[in-house]
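Structure data (JSON, C-alpha atoms) from entry.json:
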[["chain", "number", "residue", "atom", "x", "y", "z"],
["A", 1, "MET", "CA", -1.16, -2.73, -65.56],
["A", 2, "SER", "CA", 0.89, -0.07, -63.76],
["A", 3, "GLY", "CA", 1.06, 2.66, -66.40],
["A", 4, "LEU", "CA", -0.49, 6.10, -66.33],
["A", 5, "TYR", "CA", -3.73, 6.92, -68.16],
["A", 6, "LEU", "CA", -4.56, 9.73, -70.55],
["A", 7, "GLU", "CA", -6.01, 11.68, -67.63],
["A", 8, "ASP", "CA", -2.60, 11.66, -65.91],
["A", 9, "PHE", "CA", -0.75, 13.24, -68.81],
["A", 10, "HIS", "CA", -1.33, 16.95, -68.22],
["A", 11, "VAL", "CA", 0.27, 19.28, -70.73],
["A", 12, "GLY", "CA", 3.56, 20.55, -69.34],
["A", 13, "ARG", "CA", 4.09, 17.61, -66.99],
["A", 14, "GLN", "CA", 7.69, 16.36, -67.16],
["A", 15, "PHE", "CA", 9.15, 12.95, -66.48],
["A", 16, "ALA", "CA", 12.81, 12.18, -65.84],
["A", 17, "THR", "CA", 14.34, 8.89, -66.98],
["A", 18, "GLU", "CA", 17.37, 6.87, -65.93],
["A", 19, "PRO", "CA", 20.62, 7.86, -67.66],
["A", 20, "VAL", "CA", 22.07, 5.59, -70.36],
["A", 21, "SER", "CA", 25.56, 5.49, -71.88],
["A", 22, "LEU", "CA", 26.65, 3.90, -75.15],
["A", 23, "SER", "CA", 30.00, 2.18, -75.36],
["A", 24, "GLU", "CA", 32.22, 2.41, -78.43],
["A", 25, "ASP", "CA", 31.33, -1.21, -79.23],
["A", 26, "GLU", "CA", 27.60, -0.51, -79.02],
["A", 27, "ILE", "CA", 27.94, 2.53, -81.29],
["A", 28, "VAL", "CA", 29.92, 0.59, -83.89],
["A", 29, "ALA", "CA", 27.68, -2.53, -83.73],
["A", 30, "PHE", "CA", 24.52, -0.49, -84.28],
["A", 31, "ALA", "CA", 26.02, 1.54, -87.11],
["A", 32, "GLU", "CA", 27.52, -1.43, -88.94],
["A", 33, "LYS", "CA", 24.01, -2.79, -89.22],
["A", 34, "TYR", "CA", 21.93, 0.35, -89.74],
["A", 35, "ASP", "CA", 24.03, 3.44, -90.41],
["A", 36, "PRO", "CA", 27.41, 2.41, -91.87],
["A", 37, "GLN", "CA", 29.02, 5.84, -92.18],
["A", 38, "PRO", "CA", 32.73, 6.29, -91.39],
["A", 39, "ILE", "CA", 32.01, 8.68, -88.47],
["A", 40, "HIS", "CA", 29.99, 5.88, -86.79],
["A", 41, "VAL", "CA", 32.02, 2.76, -87.63],
["A", 42, "ASP", "CA", 35.61, 3.69, -88.46],
["A", 43, "LYS", "CA", 37.64, 5.06, -85.56],
["A", 44, "THR", "CA", 40.47, 6.35, -87.73],
["A", 45, "ALA", "CA", 38.23, 8.05, -90.27],
["A", 46, "ALA", "CA", 36.11, 9.50, -87.45],
["A", 47, "ALA", "CA", 39.22, 10.91, -85.74],
["A", 48, "ALA", "CA", 40.12, 12.69, -88.99],
["A", 49, "SER", "CA", 36.57, 14.07, -89.44],
["A", 50, "ILE", "CA", 35.17, 17.34, -88.11],
["A", 51, "TYR", "CA", 33.92, 15.34, -85.09],
["A", 52, "GLY", "CA", 37.42, 14.29, -84.04],
["A", 53, "GLY", "CA", 36.25, 10.79, -83.07],
["A", 54, "LEU", "CA", 33.46, 8.22, -83.25],
["A", 55, "ILE", "CA", 29.93, 9.49, -82.73],
["A", 56, "ALA", "CA", 26.67, 7.55, -82.41],
["A", 57, "SER", "CA", 24.18, 7.23, -85.26],
["A", 58, "GLY", "CA", 21.32, 9.65, -84.73],
["A", 59, "PHE", "CA", 18.95, 6.71, -85.20],
["A", 60, "GLN", "CA", 20.59, 5.00, -82.24],
["A", 61, "THR", "CA", 20.32, 8.15, -80.12],
["A", 62, "VAL", "CA", 16.55, 8.43, -80.59],
["A", 63, "ALA", "CA", 16.12, 4.70, -79.98],
["A", 64, "VAL", "CA", 17.98, 5.14, -76.67],
["A", 65, "GLY", "CA", 15.51, 7.88, -75.72],
["A", 66, "ALA", "CA", 12.57, 5.64, -76.57],
["A", 67, "GLY", "CA", 13.99, 2.90, -74.37],
["A", 68, "GLN", "CA", 14.59, 5.30, -71.48],
["A", 69, "TRP", "CA", 10.94, 6.33, -71.49],
["A", 70, "LEU", "CA", 9.64, 2.76, -71.80],
["A", 71, "ARG", "CA", 11.77, 1.64, -68.87],
["A", 72, "THR", "CA", 10.04, 4.10, -66.56],
["A", 73, "GLY", "CA", 7.08, 1.68, -66.78],
["A", 74, "LEU", "CA", 4.73, 4.66, -67.01],
["A", 75, "GLN", "CA", 3.14, 3.34, -70.19],
["A", 76, "GLU", "CA", 3.00, -0.30, -69.17],
["A", 77, "GLY", "CA", -0.41, -1.63, -70.10],
["A", 78, "THR", "CA", -1.74, 1.83, -71.01],
["A", 79, "GLY", "CA", 0.39, 2.66, -74.05],
["A", 80, "MET", "CA", -1.28, 1.43, -77.24],
["A", 81, "GLY", "CA", 1.40, 2.17, -79.81],
["A", 82, "GLY", "CA", 1.69, 5.22, -81.94],
["A", 83, "PRO", "CA", 1.28, 6.47, -85.46],
["A", 84, "GLY", "CA", 4.66, 8.17, -85.60],
["A", 85, "LEU", "CA", 7.29, 10.70, -84.63],
["A", 86, "ARG", "CA", 7.77, 14.34, -85.48],
["A", 87, "ASP", "CA", 10.66, 16.74, -85.76],
["A", 88, "ILE", "CA", 13.70, 14.71, -84.85],
["A", 89, "ARG", "CA", 16.54, 17.21, -84.41],
["A", 90, "TRP", "CA", 20.12, 16.11, -83.94],
["A", 91, "LEU", "CA", 21.78, 19.07, -82.27],
["A", 92, "ALA", "CA", 25.12, 17.80, -81.03],
["A", 93, "PRO", "CA", 27.20, 14.63, -81.35],
["A", 94, "VAL", "CA", 26.83, 11.72, -78.90],
["A", 95, "ARG", "CA", 30.16, 10.08, -78.06],
["A", 96, "PRO", "CA", 31.09, 6.79, -76.37],
["A", 97, "GLY", "CA", 30.58, 7.08, -72.62],
["A", 98, "ASP", "CA", 28.37, 10.19, -72.75],
["A", 99, "GLU", "CA", 25.76, 9.96, -70.01],
["A", 100, "LEU", "CA", 22.44, 10.60, -71.75],
["A", 101, "HIS", "CA", 19.71, 12.15, -69.64],
["A", 102, "THR", "CA", 16.27, 12.34, -71.21],
["A", 103, "ILE", "CA", 13.32, 14.39, -70.06],
["A", 104, "VAL", "CA", 9.90, 13.58, -71.52],
["A", 105, "GLU", "CA", 7.36, 16.39, -71.45],
["A", 106, "ILE", "CA", 3.67, 16.28, -72.34],
["A", 107, "ALA", "CA", 3.15, 18.68, -75.25],
["A", 108, "GLU", "CA", -0.45, 17.76, -76.05],
["A", 109, "ALA", "CA", -3.07, 15.30, -74.75],
["A", 110, "ARG", "CA", -6.63, 14.84, -75.97],
["A", 111, "PRO", "CA", -9.30, 12.14, -76.07],
["A", 112, "SER", "CA", -9.86, 10.34, -79.37],
["A", 113, "ARG", "CA", -12.89, 11.55, -81.28],
["A", 114, "SER", "CA", -13.74, 8.10, -82.59],
["A", 115, "LYS", "CA", -12.61, 5.72, -79.82],
["A", 116, "PRO", "CA", -13.84, 6.44, -76.29],
["A", 117, "ASP", "CA", -11.31, 4.17, -74.57],
["A", 118, "ARG", "CA", -8.21, 6.13, -75.60],
["A", 119, "GLY", "CA", -6.57, 9.42, -76.43],
["A", 120, "LEU", "CA", -3.56, 10.78, -78.28],
["A", 121, "VAL", "CA", -0.59, 12.14, -76.34],
["A", 122, "HIS", "CA", 2.37, 14.06, -77.79],
["A", 123, "PHE", "CA", 5.51, 13.33, -75.78],
["A", 124, "THR", "CA", 8.43, 15.68, -76.41],
["A", 125, "TYR", "CA", 11.82, 14.16, -75.64],
["A", 126, "THR", "CA", 14.82, 16.32, -74.74],
["A", 127, "MET", "CA", 18.08, 14.37, -74.58],
["A", 128, "ARG", "CA", 21.18, 15.87, -72.96],
["A", 129, "ASN", "CA", 24.77, 14.88, -72.31],
["A", 130, "GLU", "CA", 27.15, 16.72, -69.97],
["A", 131, "ALA", "CA", 27.60, 19.52, -72.55],
["A", 132, "GLY", "CA", 23.96, 20.25, -73.40],
["A", 133, "ILE", "CA", 21.09, 19.13, -75.58],
["A", 134, "VAL", "CA", 22.01, 16.44, -78.14],
["A", 135, "ALA", "CA", 18.58, 15.62, -79.61],
["A", 136, "THR", "CA", 14.89, 16.44, -79.40],
["A", 137, "PHE", "CA", 11.84, 14.75, -80.92],
["A", 138, "THR", "CA", 8.14, 14.28, -80.39],
["A", 139, "ALA", "CA", 6.40, 10.89, -80.27],
["A", 140, "ILE", "CA", 2.66, 10.61, -80.80],
["A", 141, "ILE", "CA", 1.24, 7.73, -78.77],
["A", 142, "MET", "CA", -2.23, 6.33, -78.14],
["A", 143, "VAL", "CA", -2.89, 6.02, -74.41],
["A", 144, "ARG", "CA", -5.78, 4.34, -72.62],
["A", 145, "ARG", "CA", -8.30, 6.47, -70.75],
["A", 146, "ARG", "CA", -9.02, 5.65, -67.14],
["A", 147, "PRO", "CA", -11.70, 2.89, -67.27],
["A", 148, "ASP", "CA", -14.19, 5.00, -65.32],
["A", 149, "ALA", "CA", -13.59, 8.14, -67.43],
["A", 150, "ALA", "CA", -15.03, 7.21, -70.84],
["B", 1, "MET", "CA", 34.28, 9.91, -103.56],
["B", 2, "SER", "CA", 31.59, 8.21, -105.63],
["B", 3, "GLY", "CA", 28.44, 9.86, -104.30],
["B", 4, "LEU", "CA", 26.09, 12.21, -106.10],
["B", 5, "TYR", "CA", 26.22, 15.99, -105.66],
["B", 6, "LEU", "CA", 23.48, 18.47, -104.85],
["B", 7, "GLU", "CA", 23.13, 19.19, -108.57],
["B", 8, "ASP", "CA", 22.20, 15.52, -109.20],
["B", 9, "PHE", "CA", 19.29, 15.50, -106.75],
["B", 10, "HIS", "CA", 16.44, 16.86, -108.86],
["B", 11, "VAL", "CA", 13.09, 17.12, -107.10],
["B", 12, "GLY", "CA", 11.01, 14.07, -107.97],
["B", 13, "ARG", "CA", 13.98, 11.84, -108.79],
["B", 14, "GLN", "CA", 13.56, 8.39, -107.20],
["B", 15, "PHE", "CA", 16.13, 5.85, -106.10],
["B", 16, "ALA", "CA", 15.46, 2.17, -105.41],
["B", 17, "THR", "CA", 17.42, 0.32, -102.73],
["B", 18, "GLU", "CA", 18.24, -3.34, -102.11],
["B", 19, "PRO", "CA", 15.56, -5.22, -100.11],
["B", 20, "VAL", "CA", 16.25, -6.12, -96.47],
["B", 21, "SER", "CA", 14.51, -8.61, -94.17],
["B", 22, "LEU", "CA", 14.61, -8.76, -90.39],
["B", 23, "SER", "CA", 14.69, -12.13, -88.65],
["B", 24, "GLU", "CA", 12.78, -12.82, -85.46],
["B", 25, "ASP", "CA", 16.10, -12.81, -83.58],
["B", 26, "GLU", "CA", 17.07, -9.43, -85.00],
["B", 27, "ILE", "CA", 13.70, -7.95, -84.07],
["B", 28, "VAL", "CA", 13.89, -9.24, -80.50],
["B", 29, "ALA", "CA", 17.57, -8.27, -80.03],
["B", 30, "PHE", "CA", 16.94, -4.68, -81.15],
["B", 31, "ALA", "CA", 13.82, -4.30, -79.04],
["B", 32, "GLU", "CA", 15.32, -5.78, -75.88],
["B", 33, "LYS", "CA", 17.89, -3.00, -76.03],
["B", 34, "TYR", "CA", 15.85, -0.05, -77.32],
["B", 35, "ASP", "CA", 12.11, -0.72, -77.38],
["B", 36, "PRO", "CA", 11.24, -3.42, -74.82],
["B", 37, "GLN", "CA", 7.50, -3.71, -75.44],
["B", 38, "PRO", "CA", 5.81, -7.13, -75.35],
["B", 39, "ILE", "CA", 4.77, -6.92, -79.04],
["B", 40, "HIS", "CA", 8.48, -6.62, -79.97],
["B", 41, "VAL", "CA", 10.16, -8.98, -77.48],
["B", 42, "ASP", "CA", 7.66, -11.54, -76.18],
["B", 43, "LYS", "CA", 6.39, -14.04, -78.75],
["B", 44, "THR", "CA", 3.52, -15.29, -76.59],
["B", 45, "ALA", "CA", 2.29, -11.84, -75.58],
["B", 46, "ALA", "CA", 2.63, -10.65, -79.19],
["B", 47, "ALA", "CA", 0.57, -13.61, -80.43],
["B", 48, "ALA", "CA", -2.22, -12.64, -78.02],
["B", 49, "SER", "CA", -2.08, -8.95, -79.07],
["B", 50, "ILE", "CA", -4.01, -7.28, -81.89],
["B", 51, "TYR", "CA", -0.97, -7.94, -84.11],
["B", 52, "GLY", "CA", -1.19, -11.72, -83.73],
["B", 53, "GLY", "CA", 2.59, -12.09, -83.53],
["B", 54, "LEU", "CA", 5.93, -10.33, -83.09],
["B", 55, "ILE", "CA", 6.41, -7.07, -84.96],
["B", 56, "ALA", "CA", 9.51, -4.92, -85.36],
["B", 57, "SER", "CA", 10.08, -1.75, -83.36],
["B", 58, "GLY", "CA", 9.26, 1.28, -85.50],
["B", 59, "PHE", "CA", 12.68, 2.67, -84.56],
["B", 60, "GLN", "CA", 14.27, -0.42, -86.10],
["B", 61, "THR", "CA", 12.19, -0.07, -89.27],
["B", 62, "VAL", "CA", 13.36, 3.48, -89.95],
["B", 63, "ALA", "CA", 16.95, 2.53, -89.15],
["B", 64, "VAL", "CA", 16.68, -0.24, -91.77],
["B", 65, "GLY", "CA", 15.53, 2.36, -94.31],
["B", 66, "ALA", "CA", 18.47, 4.60, -93.45],
["B", 67, "GLY", "CA", 20.87, 1.70, -93.99],
["B", 68, "GLN", "CA", 19.27, 0.78, -97.31],
["B", 69, "TRP", "CA", 19.88, 4.26, -98.65],
["B", 70, "LEU", "CA", 23.45, 4.49, -97.33],
["B", 71, "ARG", "CA", 24.32, 1.15, -98.95],
["B", 72, "THR", "CA", 23.47, 2.52, -102.40],
["B", 73, "GLY", "CA", 26.74, 4.46, -102.04],
["B", 74, "LEU", "CA", 25.05, 7.49, -103.59],
["B", 75, "GLN", "CA", 26.03, 9.73, -100.69],
["B", 76, "GLU", "CA", 29.53, 8.38, -100.23],
["B", 77, "GLY", "CA", 31.85, 11.34, -99.79],
["B", 78, "THR", "CA", 29.13, 13.86, -100.65],
["B", 79, "GLY", "CA", 26.72, 13.40, -97.72],
["B", 80, "MET", "CA", 27.64, 15.75, -94.86],
["B", 81, "GLY", "CA", 25.24, 14.58, -92.18],
["B", 82, "GLY", "CA", 21.89, 16.05, -91.40],
["B", 83, "PRO", "CA", 20.05, 18.15, -88.85],
["B", 84, "GLY", "CA", 17.15, 15.74, -88.49],
["B", 85, "LEU", "CA", 14.10, 13.81, -89.66],
["B", 86, "ARG", "CA", 10.50, 14.81, -90.20],
["B", 87, "ASP", "CA", 7.16, 13.09, -90.13],
["B", 88, "ILE", "CA", 7.92, 9.47, -89.36],
["B", 89, "ARG", "CA", 4.70, 7.55, -89.97],
["B", 90, "TRP", "CA", 4.31, 3.91, -89.02],
["B", 91, "LEU", "CA", 1.48, 2.70, -91.20],
["B", 92, "ALA", "CA", 1.54, -1.09, -90.95],
["B", 93, "PRO", "CA", 3.40, -3.71, -88.90],
["B", 94, "VAL", "CA", 6.71, -5.19, -90.05],
["B", 95, "ARG", "CA", 7.02, -8.90, -89.28],
["B", 96, "PRO", "CA", 9.94, -11.34, -89.27],
["B", 97, "GLY", "CA", 10.87, -12.25, -92.83],
["B", 98, "ASP", "CA", 9.03, -9.36, -94.48],
["B", 99, "GLU", "CA", 11.00, -8.19, -97.49],
["B", 100, "LEU", "CA", 11.35, -4.43, -97.07],
["B", 101, "HIS", "CA", 11.67, -2.39, -100.24],
["B", 102, "THR", "CA", 12.51, 1.26, -99.82],
["B", 103, "ILE", "CA", 12.22, 4.01, -102.40],
["B", 104, "VAL", "CA", 13.94, 7.32, -101.69],
["B", 105, "GLU", "CA", 12.55, 10.35, -103.52],
["B", 106, "ILE", "CA", 13.92, 13.88, -103.64],
["B", 107, "ALA", "CA", 11.28, 16.16, -102.13],
["B", 108, "GLU", "CA", 13.35, 19.35, -102.00],
["B", 109, "ALA", "CA", 16.89, 20.42, -102.90],
["B", 110, "ARG", "CA", 18.45, 23.86, -102.56],
["B", 111, "PRO", "CA", 21.86, 25.44, -102.14],
["B", 112, "SER", "CA", 22.82, 26.68, -98.68],
["B", 113, "ARG", "CA", 22.52, 30.43, -98.25],
["B", 114, "SER", "CA", 25.53, 30.66, -95.97],
["B", 115, "LYS", "CA", 27.87, 27.91, -97.22],
["B", 116, "PRO", "CA", 28.66, 27.83, -100.93],
["B", 117, "ASP", "CA", 30.07, 24.29, -100.92],
["B", 118, "ARG", "CA", 26.82, 22.54, -99.94],
["B", 119, "GLY", "CA", 23.03, 22.39, -100.05],
["B", 120, "LEU", "CA", 20.14, 20.89, -98.15],
["B", 121, "VAL", "CA", 18.24, 17.93, -99.62],
["B", 122, "HIS", "CA", 14.97, 16.48, -98.31],
["B", 123, "PHE", "CA", 14.86, 12.74, -98.98],
["B", 124, "THR", "CA", 11.44, 11.12, -98.56],
["B", 125, "TYR", "CA", 11.58, 7.40, -97.77],
["B", 126, "THR", "CA", 8.69, 5.08, -98.61],
["B", 127, "MET", "CA", 9.11, 1.58, -97.16],
["B", 128, "ARG", "CA", 6.96, -1.33, -98.37],
["B", 129, "ASN", "CA", 6.51, -4.99, -97.61],
["B", 130, "GLU", "CA", 4.53, -7.43, -99.79],
["B", 131, "ALA", "CA", 1.23, -6.00, -98.47],
["B", 132, "GLY", "CA", 1.86, -2.29, -98.97],
["B", 133, "ILE", "CA", 3.45, 0.74, -97.32],
["B", 134, "VAL", "CA", 4.76, 0.13, -93.80],
["B", 135, "ALA", "CA", 6.49, 3.45, -93.06],
["B", 136, "THR", "CA", 7.34, 6.84, -94.51],
["B", 137, "PHE", "CA", 9.66, 9.59, -93.33],
["B", 138, "THR", "CA", 11.74, 12.50, -94.58],
["B", 139, "ALA", "CA", 15.44, 12.97, -93.83],
["B", 140, "ILE", "CA", 17.10, 16.35, -94.22],
["B", 141, "ILE", "CA", 20.72, 15.98, -95.28],
["B", 142, "MET", "CA", 23.53, 18.36, -96.21],
["B", 143, "VAL", "CA", 25.04, 17.40, -99.56],
["B", 144, "ARG", "CA", 28.17, 18.76, -101.26],
["B", 145, "ARG", "CA", 27.82, 20.85, -104.39],
["B", 146, "ARG", "CA", 29.76, 19.84, -107.45],
["B", 147, "PRO", "CA", 33.23, 21.42, -107.00],
["B", 148, "ASP", "CA", 32.93, 23.44, -110.23],
["B", 149, "ALA", "CA", 29.41, 24.70, -109.40],
["B", 150, "ALA", "CA", 29.96, 26.94, -106.37]]
Conversion result in structure tokens:
Amino acid sequence: MSGLYLEDFHVGRQFATEPVSLSEDEIVAFAEKYDPQPIHVDKTAAAASIYGGLIASGFQTVAVGAGQWLRTGLQEGTGMGGPGLRDIRWLAPVRPGDELHTIVEIAEARPSRSKPDRGLVHFTYTMRNEAGIVATFTAIIMVRRRPDAA
Amino acid sequence: MSGLYLEDFHVGRQFATEPVSLSEDEIVAFAEKYDPQPIHVDKTAAAASIYGGLIASGFQTVAVGAGQWLRTGLQEGTGMGGPGLRDIRWLAPVRPGDELHTIVEIAEARPSRSKPDRGLVHFTYTMRNEAGIVATFTAIIMVRRRPDAA
């Protein structure tokens, strides 16, 4: 168990993650299965669209952000799953080869009223490519309290 | 262009979609890439967890719902993409082989104030397996108005 505890997630604290890029093949493979719109799966149709080329499904973009956070290891053994997500905003297209940089900031953190071993943390994700912000969303996750804190 | 227009999306109108199941391999393949938590990728660890076995990433579940709606064809040529999602709630685990049934209901529909050719529709997704509701969320999508309506 190497993850951080509720007590470590101060409001305003920010965490950087490792950049991730999606290839054209990864964008098309995801979209063929989950989001089969021409702008995500059909290079020719996408080139003729307002986007001027293939762009990633927004569902794939947020999943990339989730993976970036998980791979920091900062929730390993202390993250207990979450009830949901709030306010996913897709602000700009993500294209093949874009280097996605995601910052995760603590928006809220409080102990559970009913369960003394855990608390609820709101993690706000801000995802950027070279041009600016491409997506933001907030994940609500249950996090263990430090064993000596309860 | 066979999709429905803004004028067809009356508040309260519901649309059924074709059921979809995820195999164990599909659950693990998605999670290894996007949501590498033991409950999604490691059969043994998942069996020892409170879930008693592998469960799908919540990001995969909502992506399945998105695909179910798109495959109705009801937004083909009339859907213009969307600014985001609201209030994703993961209410129960999704397991390999669960038959997911998704109902999409119109929660809100109004013409754009600035662009006369389109409107904004709030689609609320309710996803069920045999045991009950597994996830809900609301997608906000721009939809074309009927050409003679603007």
Hey, which of A:Gly52, A:Pro93, A:Pro36, A:Gly119 ends up closest to A:Asp8? Count all atoms listed in the file.
-> A:Gly119
In the coordinates of the file, take the point (22.7, 7.3, -90.1) and a cut-off of 9 Å; then, counting all atoms listed in the file, name each qualifying protein, DNA or RNA residue as a VMD selection string.
-> (chain A and resid 31 34 to 37 40 56 to 60) or (chain B and resid 63 66 to 67 70 81 to 82)
Saved selection, atoms kept: C-alpha atoms, as a short mmCIF file (atom, residue, chain, number, x, y, z; two decimals), in the frame of the given file:
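Output file out_3.cif is given in full below:
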data_model
loop_
_atom_site.label_atom_id
_atom_site.label_comp_id
_atom_site.auth_asym_id
_atom_site.auth_seq_id
_atom_site.Cartn_x
_atom_site.Cartn_y
_atom_site.Cartn_z
CA ALA A 31 26.02 1.54 -87.11
CA TYR A 34 21.93 0.35 -89.74
CA ASP A 35 24.03 3.44 -90.41
CA PRO A 36 27.41 2.41 -91.87
CA GLN A 37 29.02 5.84 -92.18
CA HIS A 40 29.99 5.88 -86.79
CA ALA A 56 26.67 7.55 -82.41
CA SER A 57 24.18 7.23 -85.26
CA GLY A 58 21.32 9.65 -84.73
CA PHE A 59 18.95 6.71 -85.20
CA GLN A 60 20.59 5.00 -82.24
CA ALA B 63 16.95 2.53 -89.15
CA ALA B 66 18.47 4.60 -93.45
CA GLY B 67 20.87 1.70 -93.99
CA LEU B 70 23.45 4.49 -97.33
CA GLY B 81 25.24 14.58 -92.18
CA GLY B 82 21.89 16.05 -91.40
#
Between B:Trp90, B:Phe30, B:Phe15, B:Trp69, single out the one closest to chain A, counting all atoms listed in the file.
-> B:Trp90
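If you measure from each of A:Asp117, A:Asp87, A:Asp98, A:Asp148 to chain B using all atoms listed in the file, the closest one turns out to be A:Asp87.
Note that the spacing between atom CA of B:Lys43 and atom CA of B:Gly97 amounts to 14.9 Å.
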Which of A:Val62, A:Ile88, A:Val28, A:Ala139 sits closest to A:Thr102 [using all atoms listed in the file] =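 The answer is A:Val62, which sits nearest to A:Thr102.
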Using only C-alpha atoms, the residue out of B:Thr44, B:Asn129, B:Gln75, B:Ser2 with shortest distance to chain A is B:Gln75
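Proximity ranking of B:Val121, B:Gly84, B:Ala92, B:Ile27 relative to B:Leu6 places B:Val121 first, based on only C-alpha atoms.
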Select all residues near (9.2, 15.9, -81.3) (cut-off 8 Å, inclusive, file coordinates), counting all atoms listed in the file, and output them as number ranges by chain.
-> A: 85-88, 122-125, 136-139
Figure out the distance between atom CA of B:Gly77 and atom CA of B:Pro111, please, to one decimal in Å.
-> 17.4 Å
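Close contacts of B:Gly53, defined as residues with an atom at most 12 Å away when counting only C-alpha atoms, with chain neighbours fewer than 2 positions off set aside, comprise Glu24, Ile27, Pro38, Ile39, His40, Val41, Asp42, Lys43, Thr44, Ala45, Ala46, Ala47, Ala48, Ser49, Ile50, Tyr51, Ile55, Ala56, Pro93, Val94, Arg95 and Pro96 of chain B.
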In Å, how far is it from atom CA of A:Thr17 to atom CA of B:Glu26?
-> 25.8 Å
What lies within 8 Å of A:Gly3 using all atoms listed in the file, ignoring chain neighbours under 6 positions off, as a PyMOL selection string?
-> chain A and resi 73-79
Fewer than 2 positions away in the same chain doesn't count, so skip those; otherwise give me all residues within 10 Å of A:Gly132, counting all atoms listed in the file, as a PDB file with C-alpha atoms, in the coordinates of the input.
ATOM      1  CA  LEU A  91      21.780  19.070 -82.270  1.00  0.00           C
ATOM      2  CA  ALA A  92      25.120  17.800 -81.030  1.00  0.00           C
ATOM      3  CA  LEU A 100      22.440  10.600 -71.750  1.00  0.00           C
ATOM      4  CA  HIS A 101      19.710  12.150 -69.640  1.00  0.00           C
ATOM      5  CA  MET A 127      18.080  14.370 -74.580  1.00  0.00           C
ATOM      6  CA  ARG A 128      21.180  15.870 -72.960  1.00  0.00           C
ATOM      7  CA  ASN A 129      24.770  14.880 -72.310  1.00  0.00           C
ATOM      8  CA  GLU A 130      27.150  16.720 -69.970  1.00  0.00           C
ATOM      9  CA  VAL A 134      22.010  16.440 -78.140  1.00  0.00           C
ATOM     10  CA  ALA A 135      18.580  15.620 -79.610  1.00  0.00           C
TER      11      ALA A 135
END
